[in-house]
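Contents: one structure, followed by commentary.
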Amino acid sequence: MRILSKRQVKELVLYSPQHIARLEKAGQFPQRVRLGVNRVGWVEAEVLDWLEDRLARREMPDRHS
């Protein structure tokens, strides 16, 4: 298991930390793991699963145009 830092998650999903926090609060993004008093991280597999779900739900371009 690998834990991603806030910076790594931001680079992976291309969202600001504030937007990630809003998605977490709404239950639409994997929850962070508190690692210490001033340190949090995200389980890499959960974030990658979230991204794969997003990719699976995107609309495929119309190839008939």
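We label chains A, B, ... in the order they appear in the structure tokens, count residues from 1 in each chain, and number ligands from 1 in the order shown.
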**Prompt:** DSSP says helix (DSSP H, G or I) for which residues of chain A? Put them as number ranges by chain?
**Reply:** A: 6-13, 17-25, 44-57
Extract, using only C-alpha atoms, all DNA, RNA and protein residues at most 12 Å from segment 7-16 of chain A, discarding same-chain residues fewer than 5 positions from it, and format them as an mmCIF file with all heavy atoms, in the first residue's frame.
```cif
data_model
loop_
_atom_site.group_PDB
_atom_site.id
_atom_site.type_symbol
_atom_site.label_atom_id
_atom_site.label_comp_id
_atom_site.auth_asym_id
_atom_site.auth_seq_id
_atom_site.Cartn_x
_atom_site.Cartn_y
_atom_site.Cartn_z
ATOM 1 N N ARG A 2 0.477 2.223 -0.782
ATOM 2 C CA ARG A 2 1.239 3.470 -0.869
ATOM 3 C C ARG A 2 0.324 4.630 -0.484
ATOM 4 O O ARG A 2 -0.846 4.673 -0.875
ATOM 5 C CB ARG A 2 1.738 3.642 -2.298
ATOM 6 C CG ARG A 2 2.619 4.829 -2.472
ATOM 7 C CD ARG A 2 3.322 4.801 -3.822
ATOM 8 N NE ARG A 2 3.928 6.101 -4.020
ATOM 9 C CZ ARG A 2 4.003 6.736 -5.163
ATOM 10 N NH1 ARG A 2 3.549 6.149 -6.250
ATOM 11 N NH2 ARG A 2 4.541 7.916 -5.244
ATOM 12 N N ALA A 21 -10.904 18.940 -0.971
ATOM 13 C CA ALA A 21 -11.549 18.923 0.350
ATOM 14 C C ALA A 21 -13.066 18.994 0.223
ATOM 15 O O ALA A 21 -13.796 18.308 0.940
ATOM 16 C CB ALA A 21 -11.029 20.075 1.203
ATOM 17 N N ARG A 22 -13.562 19.813 -0.710
ATOM 18 C CA ARG A 22 -15.018 19.906 -0.923
ATOM 19 C C ARG A 22 -15.578 18.577 -1.421
ATOM 20 O O ARG A 22 -16.646 18.142 -0.977
ATOM 21 C CB ARG A 22 -15.348 21.024 -1.916
ATOM 22 C CG ARG A 22 -15.251 22.413 -1.343
ATOM 23 C CD ARG A 22 -15.858 23.456 -2.275
ATOM 24 N NE ARG A 22 -15.113 23.621 -3.509
ATOM 25 C CZ ARG A 22 -14.106 24.475 -3.688
ATOM 26 N NH1 ARG A 22 -13.707 25.246 -2.701
ATOM 27 N NH2 ARG A 22 -13.498 24.562 -4.848
ATOM 28 N N LEU A 23 -14.866 17.941 -2.355
ATOM 29 C CA LEU A 23 -15.323 16.644 -2.858
ATOM 30 C C LEU A 23 -15.329 15.594 -1.751
ATOM 31 O O LEU A 23 -16.258 14.794 -1.660
ATOM 32 C CB LEU A 23 -14.429 16.182 -4.019
ATOM 33 C CG LEU A 23 -14.564 16.951 -5.322
ATOM 34 C CD1 LEU A 23 -13.502 16.502 -6.316
ATOM 35 C CD2 LEU A 23 -15.950 16.780 -5.915
ATOM 36 N N PHE A 29 -15.029 11.863 -3.151
ATOM 37 C CA PHE A 29 -13.589 11.649 -3.320
ATOM 38 C C PHE A 29 -13.115 10.817 -2.138
ATOM 39 O O PHE A 29 -13.678 10.930 -1.043
ATOM 40 C CB PHE A 29 -12.850 13.001 -3.354
ATOM 41 C CG PHE A 29 -11.431 12.897 -3.829
ATOM 42 C CD1 PHE A 29 -11.146 12.815 -5.183
ATOM 43 C CD2 PHE A 29 -10.381 12.883 -2.928
ATOM 44 C CE1 PHE A 29 -9.836 12.718 -5.627
ATOM 45 C CE2 PHE A 29 -9.076 12.781 -3.357
ATOM 46 C CZ PHE A 29 -8.797 12.704 -4.716
ATOM 47 N N PRO A 30 -12.100 9.981 -2.343
ATOM 48 C CA PRO A 30 -11.600 9.165 -1.228
ATOM 49 C C PRO A 30 -11.203 10.018 -0.018
ATOM 50 O O PRO A 30 -10.668 11.119 -0.178
ATOM 51 C CB PRO A 30 -10.373 8.467 -1.818
ATOM 52 C CG PRO A 30 -10.611 8.450 -3.287
ATOM 53 C CD PRO A 30 -11.368 9.715 -3.588
ATOM 54 N N GLN A 31 -11.487 9.515 1.148
ATOM 55 C CA GLN A 31 -11.181 10.236 2.384
ATOM 56 C C GLN A 31 -9.695 10.179 2.703
ATOM 57 O O GLN A 31 -9.046 9.167 2.496
ATOM 58 C CB GLN A 31 -11.970 9.632 3.551
ATOM 59 C CG GLN A 31 -13.466 9.848 3.443
ATOM 60 C CD GLN A 31 -13.843 11.310 3.533
ATOM 61 O OE1 GLN A 31 -13.438 12.009 4.457
ATOM 62 N NE2 GLN A 31 -14.590 11.775 2.556
ATOM 63 N N ARG A 32 -9.197 11.286 3.213
ATOM 64 C CA ARG A 32 -7.798 11.352 3.624
ATOM 65 C C ARG A 32 -7.567 10.514 4.874
ATOM 66 O O ARG A 32 -8.499 10.225 5.622
ATOM 67 C CB ARG A 32 -7.378 12.800 3.861
ATOM 68 C CG ARG A 32 -8.113 13.467 5.007
ATOM 69 C CD ARG A 32 -7.803 14.940 5.116
ATOM 70 N NE ARG A 32 -8.408 15.644 3.993
ATOM 71 C CZ ARG A 32 -8.017 16.839 3.571
ATOM 72 N NH1 ARG A 32 -7.071 17.484 4.178
ATOM 73 N NH2 ARG A 32 -8.596 17.393 2.537
ATOM 74 N N ARG A 39 -0.132 16.092 9.359
ATOM 75 C CA ARG A 39 0.160 15.342 8.135
ATOM 76 C C ARG A 39 -1.015 14.449 7.754
ATOM 77 O O ARG A 39 -1.545 13.728 8.589
ATOM 78 C CB ARG A 39 1.397 14.482 8.358
ATOM 79 C CG ARG A 39 1.954 13.861 7.135
ATOM 80 C CD ARG A 39 2.632 14.902 6.293
ATOM 81 N NE ARG A 39 3.445 14.241 5.282
ATOM 82 C CZ ARG A 39 3.889 14.850 4.230
ATOM 83 N NH1 ARG A 39 3.630 16.116 4.049
ATOM 84 N NH2 ARG A 39 4.611 14.218 3.349
ATOM 85 N N VAL A 40 -1.418 14.554 6.469
ATOM 86 C CA VAL A 40 -2.463 13.684 5.935
ATOM 87 C C VAL A 40 -1.979 13.069 4.631
ATOM 88 O O VAL A 40 -1.018 13.545 4.020
ATOM 89 C CB VAL A 40 -3.792 14.441 5.686
ATOM 90 C CG1 VAL A 40 -4.376 14.973 6.981
ATOM 91 C CG2 VAL A 40 -3.619 15.536 4.659
ATOM 92 N N GLY A 41 -2.651 12.020 4.213
ATOM 93 C CA GLY A 41 -2.334 11.383 2.942
ATOM 94 C C GLY A 41 -3.554 10.659 2.437
ATOM 95 O O GLY A 41 -4.579 10.569 3.120
ATOM 96 N N TRP A 42 -3.467 10.153 1.216
ATOM 97 C CA TRP A 42 -4.549 9.412 0.598
ATOM 98 C C TRP A 42 -4.015 8.068 0.131
ATOM 99 O O TRP A 42 -2.888 7.980 -0.354
ATOM 100 C CB TRP A 42 -5.107 10.172 -0.599
ATOM 101 C CG TRP A 42 -5.915 11.367 -0.230
ATOM 102 C CD1 TRP A 42 -7.276 11.444 -0.175
ATOM 103 C CD2 TRP A 42 -5.439 12.665 0.138
ATOM 104 N NE1 TRP A 42 -7.672 12.699 0.213
ATOM 105 C CE2 TRP A 42 -6.550 13.472 0.410
ATOM 106 C CE3 TRP A 42 -4.178 13.230 0.275
ATOM 107 C CZ2 TRP A 42 -6.439 14.790 0.796
ATOM 108 C CZ3 TRP A 42 -4.058 14.552 0.673
ATOM 109 C CH2 TRP A 42 -5.192 15.317 0.924
ATOM 110 N N VAL A 43 -4.837 7.040 0.234
ATOM 111 C CA VAL A 43 -4.444 5.716 -0.231
ATOM 112 C C VAL A 43 -4.422 5.760 -1.761
ATOM 113 O O VAL A 43 -5.433 6.079 -2.403
ATOM 114 C CB VAL A 43 -5.415 4.629 0.283
ATOM 115 C CG1 VAL A 43 -5.029 3.268 -0.268
ATOM 116 C CG2 VAL A 43 -5.435 4.620 1.810
ATOM 117 N N GLU A 44 -3.263 5.460 -2.331
ATOM 118 C CA GLU A 44 -3.080 5.560 -3.778
ATOM 119 C C GLU A 44 -4.117 4.738 -4.544
ATOM 120 O O GLU A 44 -4.699 5.220 -5.522
ATOM 121 C CB GLU A 44 -1.675 5.109 -4.160
ATOM 122 C CG GLU A 44 -1.410 5.200 -5.649
ATOM 123 C CD GLU A 44 -0.031 4.705 -6.023
ATOM 124 O OE1 GLU A 44 0.425 3.690 -5.454
ATOM 125 O OE2 GLU A 44 0.592 5.335 -6.892
ATOM 126 N N ALA A 45 -4.360 3.516 -4.126
ATOM 127 C CA ALA A 45 -5.314 2.642 -4.830
ATOM 128 C C ALA A 45 -6.711 3.261 -4.869
ATOM 129 O O ALA A 45 -7.413 3.162 -5.881
ATOM 130 C CB ALA A 45 -5.348 1.268 -4.178
ATOM 131 N N GLU A 46 -7.125 3.920 -3.792
ATOM 132 C CA GLU A 46 -8.446 4.543 -3.747
ATOM 133 C C GLU A 46 -8.531 5.721 -4.719
ATOM 134 O O GLU A 46 -9.539 5.902 -5.400
ATOM 135 C CB GLU A 46 -8.771 5.005 -2.331
ATOM 136 C CG GLU A 46 -8.960 3.861 -1.359
ATOM 137 C CD GLU A 46 -9.181 4.328 0.069
ATOM 138 O OE1 GLU A 46 -9.171 5.556 0.328
ATOM 139 O OE2 GLU A 46 -9.365 3.452 0.936
ATOM 140 N N VAL A 47 -7.470 6.519 -4.783
ATOM 141 C CA VAL A 47 -7.447 7.664 -5.697
ATOM 142 C C VAL A 47 -7.430 7.169 -7.143
ATOM 143 O O VAL A 47 -8.150 7.701 -7.997
ATOM 144 C CB VAL A 47 -6.244 8.586 -5.405
ATOM 145 C CG1 VAL A 47 -6.149 9.705 -6.436
ATOM 146 C CG2 VAL A 47 -6.345 9.172 -3.997
ATOM 147 N N LEU A 48 -6.638 6.149 -7.426
ATOM 148 C CA LEU A 48 -6.588 5.593 -8.783
ATOM 149 C C LEU A 48 -7.926 4.978 -9.182
ATOM 150 O O LEU A 48 -8.363 5.133 -10.333
ATOM 151 C CB LEU A 48 -5.457 4.576 -8.900
ATOM 152 C CG LEU A 48 -4.043 5.149 -8.794
ATOM 153 C CD1 LEU A 48 -3.018 4.033 -8.834
ATOM 154 C CD2 LEU A 48 -3.771 6.198 -9.860
ATOM 155 N N ASP A 49 -8.602 4.317 -8.249
ATOM 156 C CA ASP A 49 -9.942 3.777 -8.521
ATOM 157 C C ASP A 49 -10.915 4.903 -8.845
ATOM 158 O O ASP A 49 -11.753 4.789 -9.747
ATOM 159 C CB ASP A 49 -10.463 2.968 -7.329
ATOM 160 C CG ASP A 49 -9.795 1.622 -7.181
ATOM 161 O OD1 ASP A 49 -9.106 1.176 -8.127
ATOM 162 O OD2 ASP A 49 -9.955 1.016 -6.096
ATOM 163 N N TRP A 50 -10.818 6.009 -8.108
ATOM 164 C CA TRP A 50 -11.670 7.169 -8.340
ATOM 165 C C TRP A 50 -11.432 7.713 -9.749
ATOM 166 O O TRP A 50 -12.378 8.018 -10.472
ATOM 167 C CB TRP A 50 -11.390 8.237 -7.273
ATOM 168 C CG TRP A 50 -12.203 9.475 -7.420
ATOM 169 C CD1 TRP A 50 -13.453 9.712 -6.936
ATOM 170 C CD2 TRP A 50 -11.808 10.673 -8.100
ATOM 171 N NE1 TRP A 50 -13.861 10.982 -7.278
ATOM 172 C CE2 TRP A 50 -12.864 11.595 -7.993
ATOM 173 C CE3 TRP A 50 -10.668 11.056 -8.788
ATOM 174 C CZ2 TRP A 50 -12.814 12.859 -8.552
ATOM 175 C CZ3 TRP A 50 -10.615 12.321 -9.355
ATOM 176 C CH2 TRP A 50 -11.692 13.211 -9.232
ATOM 177 N N LEU A 51 -10.157 7.812 -10.144
ATOM 178 C CA LEU A 51 -9.825 8.298 -11.479
ATOM 179 C C LEU A 51 -10.337 7.347 -12.562
ATOM 180 O O LEU A 51 -10.881 7.793 -13.577
ATOM 181 C CB LEU A 51 -8.309 8.447 -11.627
ATOM 182 C CG LEU A 51 -7.712 9.723 -11.071
ATOM 183 C CD1 LEU A 51 -6.194 9.631 -11.090
ATOM 184 C CD2 LEU A 51 -8.180 10.932 -11.843
ATOM 185 N N GLU A 52 -10.175 6.050 -12.351
ATOM 186 C CA GLU A 52 -10.651 5.069 -13.323
ATOM 187 C C GLU A 52 -12.166 5.157 -13.488
ATOM 188 O O GLU A 52 -12.681 5.041 -14.599
ATOM 189 C CB GLU A 52 -10.242 3.661 -12.903
ATOM 190 C CG GLU A 52 -8.772 3.393 -13.119
ATOM 191 C CD GLU A 52 -8.352 2.004 -12.671
ATOM 192 O OE1 GLU A 52 -9.223 1.122 -12.495
ATOM 193 O OE2 GLU A 52 -7.142 1.803 -12.502
ATOM 194 N N ARG A 54 -13.950 7.859 -13.084
ATOM 195 C CA ARG A 54 -14.191 9.074 -13.861
ATOM 196 C C ARG A 54 -13.958 8.825 -15.347
ATOM 197 O O ARG A 54 -14.730 9.282 -16.185
ATOM 198 C CB ARG A 54 -13.253 10.201 -13.401
ATOM 199 C CG ARG A 54 -13.556 10.705 -12.018
ATOM 200 C CD ARG A 54 -14.806 11.504 -12.075
ATOM 201 N NE ARG A 54 -14.570 12.760 -11.412
ATOM 202 C CZ ARG A 54 -15.516 13.507 -10.906
ATOM 203 N NH1 ARG A 54 -16.749 13.126 -10.989
ATOM 204 N NH2 ARG A 54 -15.245 14.625 -10.310
ATOM 205 N N LEU A 55 -12.892 8.118 -15.665
ATOM 206 C CA LEU A 55 -12.589 7.814 -17.063
ATOM 207 C C LEU A 55 -13.665 6.920 -17.681
ATOM 208 O O LEU A 55 -14.044 7.104 -18.835
ATOM 209 C CB LEU A 55 -11.220 7.141 -17.176
ATOM 210 C CG LEU A 55 -10.030 8.044 -16.928
ATOM 211 C CD1 LEU A 55 -8.747 7.222 -16.855
ATOM 212 C CD2 LEU A 55 -9.919 9.114 -17.992
#
```
**Complete:** Of A:Gln18, A:Gln28, A:Ser5, A:Asn38, the one nearest to Asp53 of chain A when counting only C-alpha atoms is A:Gln28
**Backbone-only DSSP, strand (DSSP E) members of chain A, as a PyMOL selection string** = chain A and resi 3-4+33-36+39-43
Deliver the residues from the most recent selection as a file, using C-alpha atoms, as a PDB file, in the first residue's frame.
```
ATOM      1  CA  ILE A   3       0.132   6.770   0.666  1.00  0.00           C
ATOM      2  CA  LEU A   4       0.057   9.891  -1.501  1.00  0.00           C
ATOM      3  CA  VAL A  33      -5.899   9.398   6.260  1.00  0.00           C
ATOM      4  CA  ARG A  34      -4.552  11.340   9.228  1.00  0.00           C
ATOM      5  CA  LEU A  35      -0.902  10.322   9.598  1.00  0.00           C
ATOM      6  CA  GLY A  36       0.043  12.730  12.354  1.00  0.00           C
ATOM      7  CA  ARG A  39       0.160  15.342   8.135  1.00  0.00           C
ATOM      8  CA  VAL A  40      -2.463  13.684   5.935  1.00  0.00           C
ATOM      9  CA  GLY A  41      -2.334  11.383   2.942  1.00  0.00           C
ATOM     10  CA  TRP A  42      -4.549   9.412   0.598  1.00  0.00           C
ATOM     11  CA  VAL A  43      -4.444   5.716  -0.231  1.00  0.00           C
TER      12      VAL A  43
END
```
